[in-house]
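Participant: Next up is a structure, given as C-alpha cells.
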Amino acid sequence: MINNNSKGTVFIIDNNKLCGVLTDGDIRRLLLSGYKLQEKIANVIGGEFVYAYNTETYEQVLSKLKNSIKIIPLVNKDFEVVDYVYYDKDVHVPVADLDLRGNEFKYLIDAFLTTWISSQGPYVEMFEKNFAKFCGCEHAVTTSSGTVALHLALLALGIGKGDEVIVPDLTFVATINAVLYTGATPVIVDVEEESWCIDPKEIEKAITGKTKAVIPVHLYGQPCDMSAIMAIAKKHKIFVVEDCAEAHGATFDGKYVGSFGQIGCFSFYGNKVITTGEGGMCVTDDPVLHKKMVLLKNHGMSQERKYWHDVVGYNYRMTNLQAAIGVAQLEKISEFLRNRAEVEEKYKKLLLDIPFVEFQRDDLPKRKKITWLVSILVNENRRDSIISKLKDKGMDTRPFFYPLSVMDIYKQYAARPCQKSKDIAARGMNLPTVYNKKFEETVNMIRESF
Ligand SMILES: Cc1ncc(COP(=O)(O)O)c(C=O)c1O
C-alpha cells in the first residue's frame, strides 16, 4: 500500500478505528532490528503516533507537522479517519508557484489532439506574434530556453572569437555562459548600488577596441538605466542584447524592456513570470536579425531551398506544446503581474517596522519594475541564518546569485573589483512570491526569524 499511494505512509485501521501509523522508515528500522516482512502489523504498532482531531484549528493541526512528520491522519470523535494533512501541501511555502488555471490545459490538449506536438504548429506562431506585440516589438522568435535565446541573439549579431561582450557581475550564470559559448570573451563589470543592475559608468570604463556588445540584465524585475546604456552603445557603436529573463513587462520611460537593444531575450522557465515549462524568446525590430535567428535556430537550413545549409546552425526550437501553454500564460500576464506586485506591497506593509530590511527600490526615475521574486537586503551576517531558520519552518527562500567574479571559472573575466555586487549578493534574499491563505502567517515566520 505504501508503494501504491506514494506517500511513504499507511494508516492502520481496525474496526473502522485508527490504531496506528506506519511509514516506510518504520519498516526499514524494523527490518534492520531483525523483524521479517511476514511479521503481523499488530505486533509492531502500539506505540505513540501523531494524529489530529478534525475539530482542532488549522494552526493546531499544522503545529503537529514537522520535517520528520510529513503526513498525519485527521480523525473524528469516534477515532475514524476522515482526512489527512500533508506537509508539502499544507505547510511548505515555495518561493514561486505556477498558475496554470487559464486556457493552458485547453490549448495543450488542442495541440496534442491535432498531433502538432513538435516545433511546427499554430501555437508557435501565435505565441511569437502575441509576445512581440506585448513587448512592442516587430518580431519574436521562440527558443527552447532563455539561455539559448541569449546565445542565438549573440550568434545573429555575428559575435565570436576575438570579440568582447560586457556583462554585469550580479546575474544568473546563463548571461555569461552564452557569451562563452560563442567563443567571445566576457568582461564582467560592477552594478549600481540602488538598482542592483549593471552600472553604465562601468560599461563605459570597460569598453575597448574589441568590445562588440553589452548585455544589460534587468535583474529581479528591475529595469537597467536604458537611456544611459543606449547612449553609450550608440557612441561606441556596440550592440545591446537585453537579458529580460526576470523582467517580463517591466518598463523604462514607458517603453518595455526587450525593445531597447537590437535584441531582447526572455526565459519561460517554470519560476518565471510566465512559463512554458522550459522555453525562451528573442524579440527584435530588425527584420534582418529576425531572419538570421530563424535560420540559426533551425539548423541553418535555407528557407528557400530545403536541406541546403549555408551556415552551421542549431536546433534551438520550442515545441507547439510549450507554445500552447505560453499563449495561455500570456493571456493572463497582467493578472500575474498585478498579483505579484500585491504580494510585494503586502510584505512591505507588514515588515515596515523591521529596520534592517531594505526592499528593492521602486522609486528610481523612469524605471517601472515588476515583481518577479520579492527581493530584499538584510543584515549581511544574518542572511544565511534567516534562510535556514525559515527552511526549518517549511518556508523556502533564495539567497541572491553569487557574483560571477567570485567563482573560479569566471573570476578571470572581471574588468576590475566589483565591490557593490559583492555587498548586494551577500545581503540579498528572495521571499516566497506567492499569495495564499497563510500569507500573514508566512510574514510572521519571517518576522520571528529576523
Ligand atoms: C538573468 C537570467 N538570464 C538567463 C536565464 C536563463 O533562462 P533559462 O533558464 O530559460 O535558460 C535566467 C533564468 O533562468 C536568468 O535569471
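Each chain in the C-alpha cells gets a letter, A, B, ..., in the order shown, and its residues are numbered from 1; ligands are numbered from 1 in order too.
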Using DSSP on the backbone coordinates, identify all residues within region 162-359 of chain A classified as strand (DSSP E); present the result as a CSV table (one decimal) with C-alpha atoms, in the first residue's frame.
Facilitator:
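Written out: selection-v1.csv:
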```
chain,number,residue,atom,x,y,z
A,164,GLU,CA,34.5,41.2,-26.0
A,165,VAL,CA,31.0,41.3,-24.5
A,166,ILE,CA,30.3,43.3,-21.3
A,167,VAL,CA,28.1,41.6,-18.7
A,168,PRO,CA,27.1,42.5,-15.1
A,185,THR,CA,35.5,37.0,-24.1
A,186,PRO,CA,33.1,38.2,-21.4
A,187,VAL,CA,34.0,41.3,-19.5
A,188,ILE,CA,32.4,41.5,-16.1
A,189,VAL,CA,31.6,44.9,-14.6
A,211,THR,CA,34.0,45.4,-27.4
A,212,LYS,CA,31.1,44.2,-29.6
A,213,ALA,CA,28.2,44.2,-27.3
A,214,VAL,CA,26.8,44.7,-23.8
A,239,PHE,CA,25.3,46.1,-29.8
A,240,VAL,CA,22.9,45.8,-26.9
A,241,VAL,CA,21.3,42.4,-26.1
A,242,GLU,CA,18.9,42.8,-23.2
A,243,ASP,CA,18.6,39.9,-20.8
A,251,THR,CA,9.4,49.4,-18.5
A,252,PHE,CA,11.9,52.2,-18.7
A,255,LYS,CA,8.9,51.5,-23.0
A,256,TYR,CA,9.0,47.8,-22.5
A,263,ILE,CA,17.6,42.0,-29.4
A,264,GLY,CA,15.8,41.3,-26.2
A,265,CYS,CA,15.9,37.8,-24.6
A,266,PHE,CA,13.3,36.2,-22.3
A,267,SER,CA,13.0,33.0,-20.3
A,280,GLY,CA,12.6,31.4,-24.3
A,281,MET,CA,12.1,34.1,-26.8
A,282,CYS,CA,14.1,36.7,-28.7
A,283,VAL,CA,12.4,39.9,-29.7
A,284,THR,CA,13.7,42.5,-32.3
A,358,GLU,CA,15.6,47.0,2.6
A,359,PHE,CA,13.2,46.3,-0.2
```
Participant: Give the alpha helix (DSSP H) residues of region 41-70 of chain A, as assigned by DSSP on the backbone, as a PDB file with all heavy atoms, in the first residue's frame.
Facilitator:
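Saved file selection10.pdb follows:
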```
ATOM      1  N   ILE A  41       1.351  -6.766  11.331  1.00  0.00           N
ATOM      2  CA  ILE A  41       1.402  -5.354  11.702  1.00  0.00           C
ATOM      3  C   ILE A  41       1.016  -5.152  13.170  1.00  0.00           C
ATOM      4  O   ILE A  41       1.606  -4.346  13.884  1.00  0.00           O
ATOM      5  CB  ILE A  41       0.498  -4.525  10.760  1.00  0.00           C
ATOM      6  CG1 ILE A  41       1.251  -4.319   9.442  1.00  0.00           C
ATOM      7  CG2 ILE A  41       0.124  -3.192  11.375  1.00  0.00           C
ATOM      8  CD1 ILE A  41       0.580  -3.409   8.486  1.00  0.00           C
ATOM      9  N   ALA A  42       0.018  -5.949  13.619  1.00  0.00           N
ATOM     10  CA  ALA A  42      -0.445  -5.811  15.010  1.00  0.00           C
ATOM     11  C   ALA A  42       0.699  -5.955  16.010  1.00  0.00           C
ATOM     12  O   ALA A  42       0.678  -5.370  17.089  1.00  0.00           O
ATOM     13  CB  ALA A  42      -1.523  -6.852  15.295  1.00  0.00           C
ATOM     14  N   ASN A  43       1.723  -6.722  15.613  1.00  0.00           N
ATOM     15  CA  ASN A  43       2.839  -6.945  16.546  1.00  0.00           C
ATOM     16  C   ASN A  43       3.845  -5.801  16.567  1.00  0.00           C
ATOM     17  O   ASN A  43       4.724  -5.782  17.420  1.00  0.00           O
ATOM     18  CB  ASN A  43       3.575  -8.245  16.186  1.00  0.00           C
ATOM     19  CG  ASN A  43       2.682  -9.454  16.359  1.00  0.00           C
ATOM     20  OD1 ASN A  43       1.701  -9.385  17.110  1.00  0.00           O
ATOM     21  ND2 ASN A  43       2.994 -10.527  15.662  1.00  0.00           N
ATOM     22  N   VAL A  44       3.773  -4.926  15.590  1.00  0.00           N
ATOM     23  CA  VAL A  44       4.810  -3.881  15.551  1.00  0.00           C
ATOM     24  C   VAL A  44       4.266  -2.480  15.820  1.00  0.00           C
ATOM     25  O   VAL A  44       5.027  -1.529  15.945  1.00  0.00           O
ATOM     26  CB  VAL A  44       5.585  -3.879  14.206  1.00  0.00           C
ATOM     27  CG1 VAL A  44       6.325  -5.194  14.016  1.00  0.00           C
ATOM     28  CG2 VAL A  44       4.674  -3.577  13.033  1.00  0.00           C
ATOM     29  N   TYR A  58      -6.861  24.942  12.410  1.00  0.00           N
ATOM     30  CA  TYR A  58      -5.859  24.775  11.349  1.00  0.00           C
ATOM     31  C   TYR A  58      -4.446  24.894  11.932  1.00  0.00           C
ATOM     32  O   TYR A  58      -3.573  24.078  11.685  1.00  0.00           O
ATOM     33  CB  TYR A  58      -6.113  25.868  10.309  1.00  0.00           C
ATOM     34  CG  TYR A  58      -5.324  25.748   9.034  1.00  0.00           C
ATOM     35  CD1 TYR A  58      -5.482  24.662   8.191  1.00  0.00           C
ATOM     36  CD2 TYR A  58      -4.433  26.762   8.664  1.00  0.00           C
ATOM     37  CE1 TYR A  58      -4.765  24.568   7.016  1.00  0.00           C
ATOM     38  CE2 TYR A  58      -3.714  26.674   7.487  1.00  0.00           C
ATOM     39  CZ  TYR A  58      -3.886  25.573   6.669  1.00  0.00           C
ATOM     40  OH  TYR A  58      -3.165  25.493   5.514  1.00  0.00           O
ATOM     41  N   GLU A  59      -4.264  25.927  12.778  1.00  0.00           N
ATOM     42  CA  GLU A  59      -2.929  26.166  13.353  1.00  0.00           C
ATOM     43  C   GLU A  59      -2.503  25.006  14.258  1.00  0.00           C
ATOM     44  O   GLU A  59      -1.349  24.581  14.232  1.00  0.00           O
ATOM     45  CB  GLU A  59      -2.903  27.473  14.160  1.00  0.00           C
ATOM     46  CG  GLU A  59      -2.804  28.730  13.322  1.00  0.00           C
ATOM     47  CD  GLU A  59      -4.061  28.990  12.503  1.00  0.00           C
ATOM     48  OE1 GLU A  59      -5.169  28.602  12.973  1.00  0.00           O
ATOM     49  OE2 GLU A  59      -3.954  29.535  11.396  1.00  0.00           O
ATOM     50  N   GLN A  60      -3.470  24.490  15.061  1.00  0.00           N
ATOM     51  CA  GLN A  60      -3.132  23.363  15.958  1.00  0.00           C
ATOM     52  C   GLN A  60      -2.679  22.149  15.145  1.00  0.00           C
ATOM     53  O   GLN A  60      -1.715  21.474  15.491  1.00  0.00           O
ATOM     54  CB  GLN A  60      -4.351  22.963  16.804  1.00  0.00           C
ATOM     55  CG  GLN A  60      -4.593  23.892  17.979  1.00  0.00           C
ATOM     56  CD  GLN A  60      -5.932  23.590  18.656  1.00  0.00           C
ATOM     57  OE1 GLN A  60      -6.921  23.251  18.000  1.00  0.00           O
ATOM     58  NE2 GLN A  60      -5.964  23.734  19.964  1.00  0.00           N
ATOM     59  N   VAL A  61      -3.402  21.917  14.052  1.00  0.00           N
ATOM     60  CA  VAL A  61      -3.056  20.756  13.223  1.00  0.00           C
ATOM     61  C   VAL A  61      -1.681  20.955  12.586  1.00  0.00           C
ATOM     62  O   VAL A  61      -0.825  20.071  12.628  1.00  0.00           O
ATOM     63  CB  VAL A  61      -4.132  20.521  12.134  1.00  0.00           C
ATOM     64  CG1 VAL A  61      -3.720  19.366  11.228  1.00  0.00           C
ATOM     65  CG2 VAL A  61      -5.482  20.242  12.764  1.00  0.00           C
ATOM     66  N   LEU A  62      -1.467  22.155  12.025  1.00  0.00           N
ATOM     67  CA  LEU A  62      -0.192  22.408  11.340  1.00  0.00           C
ATOM     68  C   LEU A  62       0.997  22.288  12.293  1.00  0.00           C
ATOM     69  O   LEU A  62       2.070  21.851  11.904  1.00  0.00           O
ATOM     70  CB  LEU A  62      -0.184  23.799  10.705  1.00  0.00           C
ATOM     71  CG  LEU A  62      -1.105  23.998   9.502  1.00  0.00           C
ATOM     72  CD1 LEU A  62      -0.824  25.338   8.851  1.00  0.00           C
ATOM     73  CD2 LEU A  62      -0.919  22.887   8.477  1.00  0.00           C
TER      74      LEU A  62
END
```
Participant: At a cut-off of 12 Å, using only C-alpha atoms, what residues contact Ala111 (chain A)? Leave out same-chain residues fewer than 2 positions from it and give the result as an MDAnalysis selection string.
Facilitator: chainID A and resid 104:109 113:124 319:325 327
Participant: Within 8 Å of ligand 1, which residues show up when you count only C-alpha atoms and all ligand atoms? List them as number ranges by chain, please.
Facilitator: A: 144-150, 171-175, 217-220, 243-246, 266-269, 272, 278-280
Participant: Of the candidates A:Asp99, A:Asp286, A:Asp225, A:Asp163, which shows the shortest atom-to-atom distance to Pro365 (chain A), using only C-alpha atoms?
Facilitator: A:Asp225
Participant: Identify, on the basis of only C-alpha atoms, every residue whose closest approach to Leu18 (chain A) does not exceed 9 Å; exclude the query and any residue fewer than 5 positions from it along the same chain; express the result as a ChimeraX atom specification.
Facilitator: /A:11-13,73,75,79-81
Participant: Can you tell me how far CA of Arg338 (chain A) sits from CA of Arg101 (chain A), in Å to one decimal?
Facilitator: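 That distance, rounded to one decimal, is 16.2 Å.
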Participant: Need to verify the contact set: Gly162 (chain A), 8 Å, only C-alpha atoms, exclusion of same-chain residues closer than 3 positions in sequence. Can you return it as a PDB file with all heavy atoms, in the first residue's frame?
Facilitator:
```pdb
ATOM      1  N   GLY A 183      32.518  31.844 -28.068  1.00  0.00           N
ATOM      2  CA  GLY A 183      33.969  31.960 -28.208  1.00  0.00           C
ATOM      3  C   GLY A 183      34.461  33.368 -27.894  1.00  0.00           C
ATOM      4  O   GLY A 183      35.667  33.613 -27.835  1.00  0.00           O
ATOM      5  N   ALA A 184      33.524  34.301 -27.702  1.00  0.00           N
ATOM      6  CA  ALA A 184      33.915  35.678 -27.347  1.00  0.00           C
ATOM      7  C   ALA A 184      34.380  35.715 -25.886  1.00  0.00           C
ATOM      8  O   ALA A 184      34.156  34.772 -25.126  1.00  0.00           O
ATOM      9  CB  ALA A 184      32.741  36.624 -27.556  1.00  0.00           C
ATOM     10  N   THR A 185      34.990  36.835 -25.499  1.00  0.00           N
ATOM     11  CA  THR A 185      35.471  36.985 -24.127  1.00  0.00           C
ATOM     12  C   THR A 185      34.495  37.863 -23.342  1.00  0.00           C
ATOM     13  O   THR A 185      34.258  39.011 -23.726  1.00  0.00           O
ATOM     14  CB  THR A 185      36.858  37.657 -24.119  1.00  0.00           C
ATOM     15  OG1 THR A 185      37.705  36.886 -24.968  1.00  0.00           O
ATOM     16  CG2 THR A 185      37.441  37.733 -22.729  1.00  0.00           C
ATOM     17  N   LYS A 210      37.917  46.005 -28.835  1.00  0.00           N
ATOM     18  CA  LYS A 210      37.346  44.689 -29.168  1.00  0.00           C
ATOM     19  C   LYS A 210      35.877  44.541 -28.736  1.00  0.00           C
ATOM     20  O   LYS A 210      35.246  43.536 -29.034  1.00  0.00           O
ATOM     21  CB  LYS A 210      38.165  43.600 -28.465  1.00  0.00           C
ATOM     22  CG  LYS A 210      39.580  43.449 -29.006  1.00  0.00           C
ATOM     23  CD  LYS A 210      40.227  42.323 -28.247  1.00  0.00           C
ATOM     24  CE  LYS A 210      41.663  42.131 -28.727  1.00  0.00           C
ATOM     25  NZ  LYS A 210      42.394  41.240 -27.846  1.00  0.00           N
TER      26      LYS A 210
END
```
Participant: What's around Asp83 (chain A) at 10 Å? Count only C-alpha atoms, leave out sequence neighbours fewer than 5 positions away in its own chain, and write the answer as an MDAnalysis selection string.
Facilitator: chainID A and resid 52:54 72:76
Participant: Taking into account only C-alpha atoms, which residue in the set A:Lys64, A:Lys201, A:Lys366, A:Lys346 is nearest to Val50 (chain A)?
Facilitator: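 Looking only at the distances to Val50 (chain A), the closest residue turns out to be A:Lys64.
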Participant: Quick one: residues within 8 Å of Ala156 (chain A), only C-alpha atoms counted, chain neighbours fewer than 5 positions away excluded, as a list in words?
Facilitator: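 The filter keeps Leu289, Lys292, Met293 and Leu296 of chain A.
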Participant: Find the residue from A:Ala140, A:Leu37, A:Ala132, A:Leu352 that sits nearest to His290 (chain A); use only C-alpha atoms when measuring.
Facilitator: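 Comparing A:Ala140, A:Leu37, A:Ala132, A:Leu352 against His290 (chain A), the winner is A:Ala140.
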Participant: Here is a test: counting only C-alpha atoms, which residue of A:Ile274, A:Glu128, A:Asp285, A:Met230 is nearest to Glu204 (chain A)?
Facilitator: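 Looking only at the distances to Glu204 (chain A), the closest residue turns out to be A:Met230.
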